[in-house]
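Below is query-v7.txt, holding compact mmCIF, C-alpha atoms.
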# COMPACT_ATOMS: atom_id res chain seq x y z
CA MET A 1 -14.70 20.79 -2.57
CA GLN A 2 -13.47 18.97 -5.67
CA GLU A 3 -10.69 17.28 -3.66
CA LEU A 4 -13.27 16.11 -1.10
CA VAL A 5 -15.47 14.59 -3.82
CA ILE A 6 -12.49 12.83 -5.40
CA GLY A 7 -11.48 11.45 -2.00
CA VAL A 8 -14.95 10.11 -1.26
CA VAL A 9 -15.31 8.56 -4.72
CA SER A 10 -11.88 6.91 -4.57
CA SER A 11 -12.71 5.50 -1.14
CA LEU A 12 -15.95 4.03 -2.45
CA ILE A 13 -14.17 2.52 -5.46
CA ALA A 14 -11.54 1.01 -3.18
CA THR A 15 -14.21 -0.55 -0.97
CA VAL A 16 -16.17 -2.00 -3.87
CA LEU A 17 -13.11 -3.49 -5.59
CA THR A 18 -11.72 -4.91 -2.35
CA VAL A 19 -15.03 -6.60 -1.49
CA ALA A 20 -15.34 -7.95 -5.04
CA ALA A 21 -11.84 -9.34 -4.91
CA GLY A 22 -12.69 -11.12 -1.68
CA TRP A 23 -15.87 -12.62 -3.11
CA PHE A 24 -14.28 -13.98 -6.26
CA GLY A 25 -10.81 -14.72 -4.94
CA LEU A 26 -9.25 -12.55 -7.63
CA SER A 27 -5.95 -10.68 -7.42
CA TRP A 28 -6.36 -8.46 -10.49
CA PRO A 29 -8.92 -6.09 -8.85
CA ARG A 30 -6.41 -5.43 -6.08
CA ARG A 31 -3.68 -4.69 -8.64
CA LEU A 32 -6.04 -2.42 -10.57
CA LEU A 33 -7.02 -0.63 -7.38
CA LEU A 34 -3.39 -0.07 -6.46
CA ARG A 35 -2.59 1.43 -9.83
CA LEU A 36 -5.64 3.68 -9.88
CA LEU A 37 -5.03 5.07 -6.41
CA SER A 38 -1.28 5.25 -7.03
CA ARG A 39 -1.86 7.32 -10.14
CA MET A 40 -4.24 9.66 -8.29
CA SER A 41 -1.89 10.17 -5.34
CA GLY A 42 1.44 10.15 -7.20
CA VAL A 43 2.92 7.63 -4.75
CA GLY A 44 3.65 5.17 -7.55
CA VAL A 45 2.75 1.76 -6.07
CA LEU A 46 2.88 -0.95 -8.75
CA ARG A 47 2.56 -4.11 -6.66
CA SER A 48 2.10 -5.21 -3.06
CA TYR A 49 2.90 -8.47 -1.27
CA PRO A 50 1.58 -9.59 2.13
CA LYS A 51 5.06 -10.90 2.96
CA GLN A 52 8.49 -9.97 1.67
CA SER A 53 9.19 -13.64 0.92
CA ALA A 54 6.23 -13.72 -1.50
CA ALA A 55 8.02 -11.18 -3.74
CA ASN A 56 11.11 -13.34 -4.38
CA ALA A 57 10.17 -14.64 -7.85
CA ASP A 58 9.24 -11.19 -9.17
CA LEU A 59 12.32 -9.68 -7.53
CA ALA A 60 14.59 -12.17 -9.27
CA ALA A 61 13.05 -11.29 -12.64
CA ASP A 62 13.43 -7.55 -12.00
CA LEU A 63 17.06 -7.97 -10.94
CA ARG A 64 17.80 -9.88 -14.15
CA ALA A 65 16.45 -6.93 -16.15
CA ALA A 66 18.26 -4.25 -14.11
CA ARG A 67 20.92 -1.87 -15.41
CA TRP A 68 22.05 -1.13 -11.83
CA ILE A 69 21.10 -2.43 -8.36
CA LYS A 70 21.26 -0.85 -4.91
CA VAL A 71 20.50 -2.89 -1.77
CA LEU A 72 19.98 -1.70 1.81
CA THR A 73 19.17 -4.55 4.18
CA GLY A 74 19.22 -5.22 7.89
CA ARG A 75 20.70 -8.71 7.83
CA GLY A 76 21.34 -9.78 4.25
CA ASN A 77 20.54 -13.50 4.31
CA GLU A 78 18.69 -13.21 1.00
CA LEU A 79 21.90 -12.04 -0.73
CA ALA A 80 23.13 -15.64 -0.88
CA ARG A 81 19.86 -16.98 -2.30
CA ASP A 82 18.63 -17.53 -5.85
CA SER A 83 17.09 -14.07 -6.27
CA PHE A 84 20.50 -12.39 -6.36
CA GLN A 85 22.58 -14.91 -8.28
CA GLU A 86 22.25 -12.99 -11.55
CA ALA A 87 23.50 -9.83 -9.82
CA TRP A 88 26.71 -11.57 -8.70
CA ARG A 89 27.61 -13.19 -12.02
CA PRO A 90 30.58 -11.39 -13.66
CA GLY A 91 30.43 -10.47 -17.31
CA ASN A 92 26.74 -9.52 -17.38
CA PRO A 93 26.63 -6.93 -20.22
CA ARG A 94 23.39 -5.37 -18.97
CA LEU A 95 24.29 -4.87 -15.31
CA GLU A 96 26.63 -1.92 -14.76
CA SER A 97 26.92 -1.92 -10.95
CA THR A 98 25.61 -3.46 -7.74
CA ARG A 99 25.97 -1.58 -4.46
CA VAL A 100 25.19 -3.25 -1.13
CA LEU A 101 24.73 -1.62 2.27
CA LEU A 102 24.87 -3.95 5.29
CA PRO A 103 24.90 -3.03 8.98
CA ASP A 104 28.20 -2.59 10.77
CA PRO A 105 28.34 -5.71 12.99
CA ALA A 106 30.42 -3.76 15.52
CA ASP A 107 27.12 -1.86 16.06
CA PRO A 108 28.47 1.48 17.32
CA GLY A 109 24.97 2.99 17.42
CA GLY A 110 23.27 0.01 19.08
CA TRP A 111 20.79 -0.37 16.20
CA LEU A 112 21.56 -4.02 15.56
CA ARG A 113 20.99 -4.90 19.22
CA ALA A 114 17.72 -2.92 19.20
CA ARG A 115 16.43 -4.90 16.22
CA GLU A 116 17.61 -8.13 17.84
CA ASP A 117 15.60 -7.31 20.96
CA GLU A 118 12.47 -6.80 18.84
CA VAL A 119 12.77 -10.11 17.01
CA ARG A 120 13.77 -12.07 20.14
CA ARG A 121 10.34 -11.44 21.67
CA LEU A 122 8.84 -13.59 18.92
CA ASP A 123 11.66 -15.96 17.98
CA PRO A 124 13.30 -17.80 20.91
CA GLY A 125 16.11 -18.94 18.62
CA VAL A 126 17.47 -15.40 18.31
CA GLU A 127 20.12 -15.25 21.01
CA SER A 128 22.24 -12.24 21.90
CA GLY A 129 24.82 -11.58 19.19
CA LEU A 130 23.17 -13.83 16.58
CA LEU A 131 22.28 -11.03 14.17
CA ALA A 132 25.84 -9.66 14.28
CA LYS A 133 27.18 -13.13 13.42
CA GLN A 134 24.78 -13.47 10.51
CA VAL A 135 25.63 -10.01 9.21
CA SER A 136 29.35 -10.81 9.44
CA ALA A 137 28.81 -14.01 7.44
CA ASN A 138 26.93 -12.07 4.76
CA ILE A 139 29.68 -9.42 4.67
CA ASP A 140 32.16 -12.24 3.99
CA TYR A 141 29.89 -13.58 1.24
CA VAL A 142 29.51 -10.24 -0.58
CA THR A 143 33.22 -9.51 -0.12
CA ALA A 144 34.05 -12.83 -1.80
CA VAL A 145 31.68 -11.99 -4.65
CA ALA A 146 33.28 -8.55 -5.07
CA THR A 147 36.74 -10.11 -5.48
CA LYS A 148 35.42 -11.93 -8.57
CA ASN A 149 33.15 -9.17 -9.88
CA ALA A 150 34.52 -5.62 -9.98
CA SER A 151 31.06 -4.12 -10.47
CA VAL A 152 29.99 -5.19 -6.92
CA GLU A 153 30.66 -2.76 -4.05
CA LEU A 154 29.98 -3.13 -0.33
CA ARG A 155 29.74 -0.57 2.46
CA LEU A 156 28.54 -0.72 6.07
CA PHE A 157 25.98 1.59 7.63
CA ASP A 158 25.26 2.67 11.20
CA ALA A 159 21.55 3.60 11.29
CA PRO A 160 18.24 2.14 12.49
CA HIS A 161 17.40 -1.27 11.00
CA ASN A 162 13.77 -0.56 10.17
CA CYS A 163 13.46 -1.45 6.47
CA ARG A 164 14.84 -3.27 3.45
CA VAL A 165 15.24 -1.33 0.19
CA ILE A 166 16.17 -2.85 -3.17
CA LEU A 167 16.44 -0.33 -6.02
CA THR A 168 16.97 -0.79 -9.73
CA ASP A 169 16.85 1.75 -12.54
CA ARG A 170 13.14 0.86 -12.96
CA LEU A 171 11.73 -0.12 -9.55
CA ALA A 172 12.09 0.07 -5.77
CA TYR A 173 11.17 -2.83 -3.46
CA PHE A 174 10.42 -1.51 0.02
CA THR A 175 9.85 -3.64 3.14
CA PRO A 176 9.18 -1.72 6.37
CA TYR A 177 10.24 -4.06 9.17
CA LEU A 178 7.45 -4.69 11.65
CA GLN A 179 8.20 -5.01 15.34
CA GLU A 180 8.49 -8.53 16.71
CA THR A 181 8.53 -10.29 13.34
CA HIS A 182 11.18 -11.23 10.82
CA GLY A 183 11.63 -9.02 7.78
CA ARG A 184 10.64 -11.89 5.48
CA ASN A 185 7.17 -11.84 7.09
CA SER A 186 6.72 -8.06 6.78
CA PRO A 187 4.71 -6.61 3.86
CA CYS A 188 6.52 -5.47 0.71
CA LEU A 189 5.59 -2.67 -1.71
CA VAL A 190 7.01 -1.99 -5.17
CA PHE A 191 7.25 1.58 -6.50
CA ARG A 192 7.99 2.74 -10.05
CA ASN A 193 10.86 5.00 -11.02
CA GLY A 194 9.77 8.64 -11.11
CA SER A 195 7.31 8.33 -8.23
CA ALA A 196 7.62 10.21 -4.95
CA MET A 197 8.43 7.07 -2.95
CA TYR A 198 11.02 5.82 -5.44
CA ASP A 199 12.80 9.18 -5.29
CA TYR A 200 12.68 9.17 -1.48
CA LEU A 201 14.10 5.64 -1.21
CA LEU A 202 16.85 6.49 -3.70
CA ARG A 203 17.81 9.54 -1.63
CA LEU A 204 17.78 7.40 1.53
CA PHE A 205 20.14 4.86 0.01
CA ASP A 206 22.49 7.43 -1.52
CA GLY A 207 22.75 9.32 1.77
CA LEU A 208 23.64 6.19 3.73
CA TRP A 209 26.06 5.12 0.99
CA GLN A 210 27.94 8.41 1.20
CA ALA A 211 28.18 8.07 4.99
CA GLY A 212 29.02 4.35 4.87
CA ALA A 213 32.32 2.73 5.77
CA GLY A 214 34.32 0.08 3.98
CA ALA A 215 34.01 -3.51 5.18
CA GLY A 216 37.46 -3.97 6.69
CA PRO A 217 38.54 -6.49 9.34
CA SER A 218 38.21 -3.91 12.12
CA THR A 219 34.45 -3.71 11.54
CA ARG A 220 33.77 -7.42 11.99
CA ALA A 221 32.12 -8.82 15.10
CA ASP A 222 34.11 -11.23 17.26
If you took the structure in this file and wrote it as structure tokens, what would it be?
Amino acid sequence: MQELVIGVVSSLIATVLTVAAGWFGLSWPRRLLLRLLSRMSGVGVLRSYPKQSAANADLAADLRAARWIKVLTGRGNELARDSFQEAWRPGNPRLESTRVLLPDPADPGGWLRAREDEVRRLDPGVESGLLAKQVSANIDYVTAVATKNASVELRLFDAPHNCRVILTDRLAYFTPYLQETHGRNSPCLVFRNGSAMYDYLLRLFDGLWQAGAGAGPSTRAD
């Protein structure tokens, strides 16, 4: 009975705060709501973004403060952008390691082609084989970085391309890829270390890392 009352009350609070935020155009009630409900549920949500691209500035700041970084991504175009430049710079005394998981462009499981088919329904510029070419270019980029920075490691994974995960020792950025839209337009959630979702995402990354392959020439797309 107590759990039912708590559920009803939390639902009412959520409704009131959401409506108030809409009336006044404020973002702080939404942040407060997230933290209250996160604390009650144990999920650990700290922040939310309507689109992954809207999180870039905060992500860059969190990466600069990180002791270690782990990245699982379906394409990896953002790895060459400003958000990650601090992670690639050699000689950073704070950053101990950066591990990157990118898809195998040879696509033995067909996951890259499946994701390509989803995005092609929305974006006519996505032709057959385009994602594999982009992944190969990003593999070359991270490989070049790793030759100059010994703390950077790269492996390839063969699994469904249905999310992006960026972990640090403090936070986890999680973007579940929506069907028929680019990952940059999918919503992004940030979870704190010690929460149930952070622990799950860390286990997901570590499992794929253990099963991953090195990025050798034989894994590149033609």
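Residues in contact with A:Val119 at 12 Å, where all atoms listed in the file are counted and same-chain residues fewer than 2 positions away are skipped, are listed as A:Leu112, A:Arg113, A:Ala114, A:Arg115, A:Glu116, A:Asp117, A:Arg121, A:Leu122, A:Asp123, A:Pro124, A:Gly125, A:Val126, A:Glu127, A:Ser128, A:Leu130, A:Leu131, A:His161, A:Asn162, A:Tyr177, A:Leu178, A:Gln179, A:Glu180, A:Thr181, A:His182, A:Gly183, A:Arg184, A:Asn185.
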Output C-alpha atoms for every residue in that selection, as a CSV table (one decimal), in the coordinates of the input.
chain,number,residue,atom,x,y,z
A,112,LEU,CA,21.6,-4.0,15.6
A,113,ARG,CA,21.0,-4.9,19.2
A,114,ALA,CA,17.7,-2.9,19.2
A,115,ARG,CA,16.4,-4.9,16.2
A,116,GLU,CA,17.6,-8.1,17.8
A,117,ASP,CA,15.6,-7.3,21.0
A,121,ARG,CA,10.3,-11.4,21.7
A,122,LEU,CA,8.8,-13.6,18.9
A,123,ASP,CA,11.7,-16.0,18.0
A,124,PRO,CA,13.3,-17.8,20.9
A,125,GLY,CA,16.1,-18.9,18.6
A,126,VAL,CA,17.5,-15.4,18.3
A,127,GLU,CA,20.1,-15.2,21.0
A,128,SER,CA,22.2,-12.2,21.9
A,130,LEU,CA,23.2,-13.8,16.6
A,131,LEU,CA,22.3,-11.0,14.2
A,161,HIS,CA,17.4,-1.3,11.0
A,162,ASN,CA,13.8,-0.6,10.2
A,177,TYR,CA,10.2,-4.1,9.2
A,178,LEU,CA,7.4,-4.7,11.6
A,179,GLN,CA,8.2,-5.0,15.3
A,180,GLU,CA,8.5,-8.5,16.7
A,181,THR,CA,8.5,-10.3,13.3
A,182,HIS,CA,11.2,-11.2,10.8
A,183,GLY,CA,11.6,-9.0,7.8
A,184,ARG,CA,10.6,-11.9,5.5
A,185,ASN,CA,7.2,-11.8,7.1
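Of the listed residues A:Ala106, A:Leu59, A:Val152, A:Ile166, the one whose atoms come nearest to A:Ala132 is A:Ala106, with distances taken using all atoms listed in the file.
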As a check of understanding: the span from atom CA of A:Ala80 to atom CA of A:Gly129 is 20.5 Å
Extract, using only C-alpha atoms, all DNA, RNA and protein residues at most 12 Å from A:Gly194, discarding same-chain residues fewer than 2 positions from it, and format them as a PDB file with C-alpha atoms, keeping the file's coordinate frame.
ATOM      1  CA  ARG A  39      -1.860   7.320 -10.140  1.00  0.00           C
ATOM      2  CA  GLY A  42       1.440  10.150  -7.200  1.00  0.00           C
ATOM      3  CA  VAL A  43       2.920   7.630  -4.750  1.00  0.00           C
ATOM      4  CA  GLY A  44       3.650   5.170  -7.550  1.00  0.00           C
ATOM      5  CA  VAL A  45       2.750   1.760  -6.070  1.00  0.00           C
ATOM      6  CA  THR A 168      16.970  -0.790  -9.730  1.00  0.00           C
ATOM      7  CA  ASP A 169      16.850   1.750 -12.540  1.00  0.00           C
ATOM      8  CA  ARG A 170      13.140   0.860 -12.960  1.00  0.00           C
ATOM      9  CA  LEU A 171      11.730  -0.120  -9.550  1.00  0.00           C
ATOM     10  CA  ALA A 172      12.090   0.070  -5.770  1.00  0.00           C
ATOM     11  CA  PHE A 191       7.250   1.580  -6.500  1.00  0.00           C
ATOM     12  CA  ARG A 192       7.990   2.740 -10.050  1.00  0.00           C
ATOM     13  CA  ALA A 196       7.620  10.210  -4.950  1.00  0.00           C
ATOM     14  CA  MET A 197       8.430   7.070  -2.950  1.00  0.00           C
ATOM     15  CA  TYR A 198      11.020   5.820  -5.440  1.00  0.00           C
ATOM     16  CA  ASP A 199      12.800   9.180  -5.290  1.00  0.00           C
ATOM     17  CA  TYR A 200      12.680   9.170  -1.480  1.00  0.00           C
ATOM     18  CA  LEU A 201      14.100   5.640  -1.210  1.00  0.00           C
ATOM     19  CA  LEU A 202      16.850   6.490  -3.700  1.00  0.00           C
TER      20      LEU A 202
END
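Atom to atom, atom CA of A:Gly76 and atom CA of A:Pro50 stand 19.9 Å apart.
Ranking A:Leu95, A:Val71, A:Ala57, A:Leu79 by their shortest atom-to-atom distance to A:Trp209, with all atoms listed in the file included, puts A:Val71 first.
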I'd like to know which of A:Ala213, A:Ala87, A:Leu72, A:Ala54 is closest to A:Val145, using all atoms listed in the file. A:Ala87
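Between atom CA of A:Gly207 and atom CA of A:Pro160 there is a distance of 13.7 Å.
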Long-range neighbours of A:Thr143 as a count of residues only, 10 Å cut-off, all atoms listed in the file, 2 positions minimum in chain: 16
So, with only C-alpha atoms as the atoms that count, which of A:Asn77, A:Ser83, A:Asn92, A:Thr175 lies closest to A:Asn56? A:Ser83
Just want the 10 Å neighbourhood of A:Val165, counted on all atoms listed in the file, with same-chain residues fewer than 2 positions away dropped. Output as a ChimeraX atom specification. /A:70-74,101,163,167,172-176,188-190,201-202,204-205
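For the residues A:Val135, A:Val142, A:Gln52, A:Gly214, ranking by smallest atom-to-atom distance to A:Gln85 using all atoms listed in the file places A:Val142 first.
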Minimum-distance residue to A:Val100, chosen among A:Ala211, A:Ile69, A:Ala144, A:Ala61 (using only C-alpha atoms): A:Ile69
